[in-house]
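Trainee: This one is structure-v7.cif, mmCIF, C-alpha atoms.
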data_work
loop_
_atom_site.label_atom_id
_atom_site.label_comp_id
_atom_site.auth_asym_id
_atom_site.auth_seq_id
_atom_site.Cartn_x
_atom_site.Cartn_y
_atom_site.Cartn_z
CA MET M 230 14.67 -7.21 7.11
CA ILE M 231 14.02 -10.50 5.27
CA ALA M 232 12.36 -8.51 2.51
CA LYS M 233 15.42 -6.30 2.08
CA ILE M 234 17.71 -9.33 1.92
CA PHE M 235 15.41 -10.95 -0.64
CA LEU M 236 15.45 -7.80 -2.81
CA PHE M 237 19.22 -7.53 -2.54
CA ILE M 238 19.65 -11.15 -3.70
CA LEU M 239 17.13 -10.64 -6.51
CA TRP M 240 18.82 -7.51 -7.89
CA PHE M 241 22.28 -9.02 -7.38
CA LEU M 242 21.33 -12.09 -9.43
CA VAL M 243 19.75 -9.97 -12.16
CA TRP M 244 22.96 -7.93 -12.44
CA ILE M 245 25.13 -11.07 -12.52
CA PHE M 246 23.01 -12.75 -15.21
CA LEU M 247 22.98 -9.60 -17.35
CA SER M 248 26.76 -9.21 -17.16
CA TRP M 249 27.67 -12.88 -17.68
CA PRO M 250 30.54 -14.00 -17.90
CA ILE M 251 31.51 -12.31 -14.66
CA ASN M 252 34.72 -11.18 -13.05
CA THR M 253 35.58 -9.66 -9.66
CA GLY M 254 34.67 -6.15 -10.78
CA ASP M 255 31.23 -7.32 -11.88
CA VAL M 256 30.56 -8.93 -8.50
CA ILE M 257 31.60 -5.78 -6.63
CA MET M 258 29.54 -3.57 -8.92
CA ALA M 259 26.55 -5.94 -8.63
CA ALA M 260 26.72 -5.72 -4.84
CA LEU M 261 26.98 -1.92 -4.83
CA VAL M 262 24.20 -1.39 -7.37
CA SER M 263 21.97 -3.95 -5.64
CA LEU M 264 22.40 -2.19 -2.30
CA PHE M 265 21.60 1.16 -3.92
CA VAL M 266 18.51 -0.20 -5.70
CA CYS M 267 17.25 -1.86 -2.50
CA TYR M 268 17.66 1.39 -0.62
CA MET M 269 15.89 3.42 -3.32
CA ILE M 270 12.89 1.15 -3.93
CA ASN M 271 12.33 -0.13 -0.39
CA ASP M 272 9.68 2.52 0.31
CA LEU M 273 7.99 1.89 -3.02
CA LEU M 274 7.50 -1.81 -2.43
CA PHE M 275 7.35 -2.17 1.33
CA SER M 276 5.52 0.92 2.57
CA ASN M 277 1.87 1.80 2.56
CA GLY M 278 1.04 4.83 0.39
CA GLU M 279 2.24 8.23 1.56
CA THR M 280 3.21 7.13 5.05
CA GLY M 281 6.71 6.16 3.96
CA ARG M 282 8.76 4.20 6.47
CA SER M 283 6.21 4.41 9.27
CA LYS M 284 3.95 1.60 8.00
CA GLN M 285 6.06 -1.22 6.64
CA THR M 286 4.30 -4.05 4.82
CA GLY M 287 5.35 -7.69 4.64
CA LEU M 288 7.51 -9.65 2.25
CA ILE M 289 4.56 -11.24 0.46
CA ASP M 290 2.94 -7.86 -0.14
CA GLY M 291 6.27 -6.48 -1.39
CA ILE M 292 6.66 -9.37 -3.83
CA ARG M 293 3.07 -8.85 -4.99
CA ARG M 294 3.78 -5.16 -5.59
CA LEU M 295 6.97 -6.02 -7.46
CA ALA M 296 5.07 -8.47 -9.68
CA TRP M 297 2.42 -5.84 -10.43
CA PHE M 298 5.18 -3.29 -11.16
CA LEU M 299 6.80 -5.65 -13.67
CA TYR M 300 3.39 -6.15 -15.27
CA TYR M 301 3.00 -2.35 -15.39
CA VAL M 302 6.33 -2.07 -17.25
CA VAL M 303 5.11 -4.55 -19.88
CA VAL M 304 1.78 -2.74 -20.30
CA PHE M 305 3.52 0.64 -20.44
CA VAL M 306 5.97 -0.50 -23.14
CA TRP M 307 3.11 -2.00 -25.18
CA GLU M 308 1.05 1.21 -24.93
CA CYS M 309 4.09 3.28 -25.94
CA VAL M 310 4.68 1.11 -29.00
CA LYS M 311 1.02 1.43 -30.05
CA ALA M 312 1.09 5.20 -29.47
CA ASN M 313 4.30 5.56 -31.50
CA PHE M 314 2.66 3.88 -34.48
CA ASP M 315 -0.44 6.04 -34.06
CA VAL M 316 1.57 9.27 -33.97
CA ALA M 317 3.73 8.14 -36.92
CA TYR M 318 0.57 7.42 -38.92
CA ARG M 319 -0.76 10.90 -38.16
CA VAL M 320 2.53 12.49 -39.22
CA ILE M 321 2.81 10.69 -42.58
CA HIS M 322 -0.90 10.76 -43.46
CA PRO M 323 -1.57 13.35 -46.21
CA ASP M 324 -4.50 14.94 -44.37
CA MET M 325 -2.70 14.99 -41.00
CA PRO M 326 -5.66 13.67 -38.98
CA ILE M 327 -5.17 15.50 -35.72
CA ARG M 328 -7.63 17.22 -33.44
CA PRO M 329 -5.64 18.48 -30.44
CA GLY M 330 -7.41 19.19 -27.21
CA SER M 331 -7.14 19.17 -23.45
CA ILE M 332 -9.36 17.18 -21.12
CA LYS M 333 -9.91 16.59 -17.42
CA VAL M 334 -9.53 12.98 -16.29
CA LYS M 335 -10.75 11.73 -12.92
CA THR M 336 -8.36 9.48 -11.01
CA GLY M 337 -8.74 7.46 -7.86
CA LEU M 338 -5.04 7.44 -7.00
CA LYS M 339 -4.24 9.25 -3.75
CA SER M 340 -0.53 8.72 -3.09
CA ASP M 341 2.02 11.16 -4.44
CA ILE M 342 4.13 8.39 -5.97
CA GLY M 343 1.10 6.82 -7.66
CA LEU M 344 0.03 10.15 -9.15
CA THR M 345 3.59 10.87 -10.24
CA PHE M 346 3.89 7.52 -12.01
CA LEU M 347 0.50 8.02 -13.68
CA ALA M 348 1.36 11.55 -14.86
CA SER M 349 4.77 10.42 -16.11
CA SER M 350 3.25 7.44 -17.91
CA ILE M 351 0.80 9.71 -19.69
CA THR M 352 3.52 12.17 -20.68
CA LEU M 353 5.94 9.47 -21.86
CA THR M 354 3.26 7.93 -24.07
CA PRO M 355 3.49 9.69 -27.47
CA GLY M 356 0.52 11.87 -28.31
CA THR M 357 -0.40 12.68 -24.71
CA THR M 358 0.98 15.11 -22.15
CA THR M 359 0.06 15.70 -18.53
CA ILE M 360 -0.58 19.40 -18.03
CA ASP M 361 -1.51 19.57 -14.36
CA ILE M 362 -2.65 17.50 -11.39
CA ASP M 363 -5.29 18.61 -8.90
CA LYS M 364 -4.70 16.20 -6.03
CA GLU M 365 -7.54 17.52 -3.86
CA LYS M 366 -10.15 16.94 -6.59
CA GLY M 367 -8.44 13.82 -8.00
CA ILE M 368 -8.21 15.30 -11.50
CA ILE M 369 -5.40 15.12 -14.05
CA TYR M 370 -5.43 17.54 -16.98
CA VAL M 371 -4.20 15.86 -20.17
CA HIS M 372 -3.43 17.28 -23.61
CA LEU M 373 -4.05 14.89 -26.52
CA ILE M 374 -2.84 15.04 -30.11
CA HIS M 375 -6.19 13.68 -31.26
CA LEU M 376 -9.34 14.12 -29.20
CA LYS M 377 -11.83 11.53 -30.38
CA ASN M 378 -15.39 12.55 -31.17
CA ASP M 379 -16.80 9.90 -28.82
CA TYR M 380 -15.07 11.37 -25.75
CA ASP M 381 -17.68 12.16 -23.11
CA PRO M 382 -16.52 15.05 -20.87
CA SER M 383 -19.08 14.14 -18.21
CA SER M 384 -17.52 10.69 -17.71
CA MET M 385 -14.02 12.18 -17.32
CA ARG M 386 -12.41 8.85 -18.23
CA LEU M 387 -9.65 8.11 -20.70
CA ALA M 388 -8.74 4.56 -21.72
CA ILE M 389 -4.98 4.98 -21.40
CA VAL M 390 -5.35 6.46 -17.92
CA GLU M 391 -7.63 3.64 -16.78
CA LYS M 392 -5.14 0.97 -17.90
CA PHE M 393 -2.26 2.56 -16.01
CA GLU M 394 -4.35 3.53 -12.98
CA LYS M 395 -5.63 -0.01 -12.29
CA ILE M 396 -2.11 -1.39 -12.17
CA LEU M 397 -0.54 1.53 -10.31
CA ARG M 398 -3.20 1.30 -7.60
CA ARG M 399 -2.04 -2.26 -6.88
CA VAL M 400 1.60 -1.19 -6.81
CA PHE M 401 1.51 1.99 -4.75
CA GLU M 402 -1.69 2.03 -2.71
#
Can the structure from this file be put into structure tokens for me?

Mentor:
Amino acid sequence: MIAKIFLFILWFLVWIFLSWPINTGDVIMAALVSLFVCYMINDLLFSNGETGRSKQTGLIDGIRRLAWFLYYVVVFVWECVKANFDVAYRVIHPDMPIRPGSIKVKTGLKSDIGLTFLASSITLTPGTTTIDIDKEKGIIYVHLIHLKNDYDPSSMRLAIVEKFEKILRRVFE
């Protein structure tokens, strides 16, 4: 319960600071939105993997997950910016240096929410698209705009997936 109150206060203050100077309508809206956000993300931050509400974790663990999630957002935005420049370069380059291809990437994520975030992160990064997920085998199929020559199919690793996976494991598992 302390964790939920802490999250409510955190989101309430974020809303207030973003809408400064405030009026009565802003305070009411901040309270309503903060309650909604706390309800929606409670299981993400304070539950253990797929078990949902049955295994609640503590406040410190929830704060740690929130910190890792904020770090994930920063890394994700940075990777998207880099990928946008890469795709723009390929589009304006006279020889159009693309070599499209699909690959299998091994992942260690087990939870549905972790796999969903990973697949969405891949798809939202320009130049890559998640095609399918095989949860039983721990494999994600990814289509790339440019498959590098040094890609080793036997390793089944992709740099962008590894960056996201390390962080998402700390957030959701």

Trainee: Which residues, named as in the file, does the PyMOL selection byres ((chain M and resi 312) around 12) pick out? Answer as a list in words.

Mentor: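 Going through the file, the PyMOL selection byres ((chain M and resi 312) around 12) ends up selecting Phe305, Val306, Trp307, Glu308, Cys309, Val310, Lys311, Asn313, Phe314, Asp315, Val316, Ala317, Tyr318, Arg319, Ser350, Ile351, Thr352, Leu353, Thr354, Pro355, Gly356, Thr357, Leu373, Ile374, His375 and Ile389 of chain M.
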
Trainee: Can you write out the residues you just picked, keeping C-alpha atoms, as a JSON list (two decimals), in the coordinates of the input?

Mentor:
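Printed below is result21.json as written:
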[["chain", "number", "residue", "atom", "x", "y", "z"],
["M", 305, "PHE", "CA", 3.52, 0.64, -20.44],
["M", 306, "VAL", "CA", 5.97, -0.50, -23.14],
["M", 307, "TRP", "CA", 3.11, -2.00, -25.18],
["M", 308, "GLU", "CA", 1.05, 1.21, -24.93],
["M", 309, "CYS", "CA", 4.09, 3.28, -25.94],
["M", 310, "VAL", "CA", 4.68, 1.11, -29.00],
["M", 311, "LYS", "CA", 1.02, 1.43, -30.05],
["M", 313, "ASN", "CA", 4.30, 5.56, -31.50],
["M", 314, "PHE", "CA", 2.66, 3.88, -34.48],
["M", 315, "ASP", "CA", -0.44, 6.04, -34.06],
["M", 316, "VAL", "CA", 1.57, 9.27, -33.97],
["M", 317, "ALA", "CA", 3.73, 8.14, -36.92],
["M", 318, "TYR", "CA", 0.57, 7.42, -38.92],
["M", 319, "ARG", "CA", -0.76, 10.90, -38.16],
["M", 350, "SER", "CA", 3.25, 7.44, -17.91],
["M", 351, "ILE", "CA", 0.80, 9.71, -19.69],
["M", 352, "THR", "CA", 3.52, 12.17, -20.68],
["M", 353, "LEU", "CA", 5.94, 9.47, -21.86],
["M", 354, "THR", "CA", 3.26, 7.93, -24.07],
["M", 355, "PRO", "CA", 3.49, 9.69, -27.47],
["M", 356, "GLY", "CA", 0.52, 11.87, -28.31],
["M", 357, "THR", "CA", -0.40, 12.68, -24.71],
["M", 373, "LEU", "CA", -4.05, 14.89, -26.52],
["M", 374, "ILE", "CA", -2.84, 15.04, -30.11],
["M", 375, "HIS", "CA", -6.19, 13.68, -31.26],
["M", 389, "ILE", "CA", -4.98, 4.98, -21.40]]

Trainee: Given the file shown, determine the residues that the PyMOL selection byres ((chain M and resi 239) around 12) selects; report them as a ChimeraX atom specification.

Mentor: /M:232-238,240-246,259-260,262-264,266-267,292,295

Trainee: Of the candidates M:Ile368, M:Ile289, M:Thr253, M:Tyr268, which shows the shortest atom-to-atom distance to M:Lys335, using all atoms listed in the file?

Mentor: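 Among the listed residues, the smallest separation from M:Lys335 belongs to M:Ile368.
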
Trainee: If I take atom CA of M:Leu344 and atom CA of M:Phe265, how far is one from the other in Å, to one decimal?

Mentor: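 Between these atoms lies a distance of 23.9 Å.
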
Trainee: Between atom CA of M:Thr359 and atom CA of M:Glu394, what distance in Å does the model show, to one decimal?

Mentor: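 That distance, rounded to one decimal, is 14.1 Å.
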
Trainee: I need the output of the PyMOL selection byres ((chain M and resi 361) around 10) for this file as a list of chain:residue names; which residues are they?

Mentor: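 For this structure, the PyMOL selection byres ((chain M and resi 361) around 10) captures M:Lys333, M:Ala348, M:Thr358, M:Thr359, M:Ile360, M:Ile362, M:Asp363, M:Lys364, M:Ile368, M:Ile369, M:Tyr370, M:Val371, M:His372.
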
Trainee: Just the number, please: distance in Å from atom CA of M:Val334 to atom CA of M:His322, one decimal.

Mentor: 28.6 Å

Trainee: Counting all atoms listed in the file, which residue out of M:Phe401, M:Arg294, M:Phe393, M:Ile251 sits closest to M:Ser349?

Mentor: M:Phe393
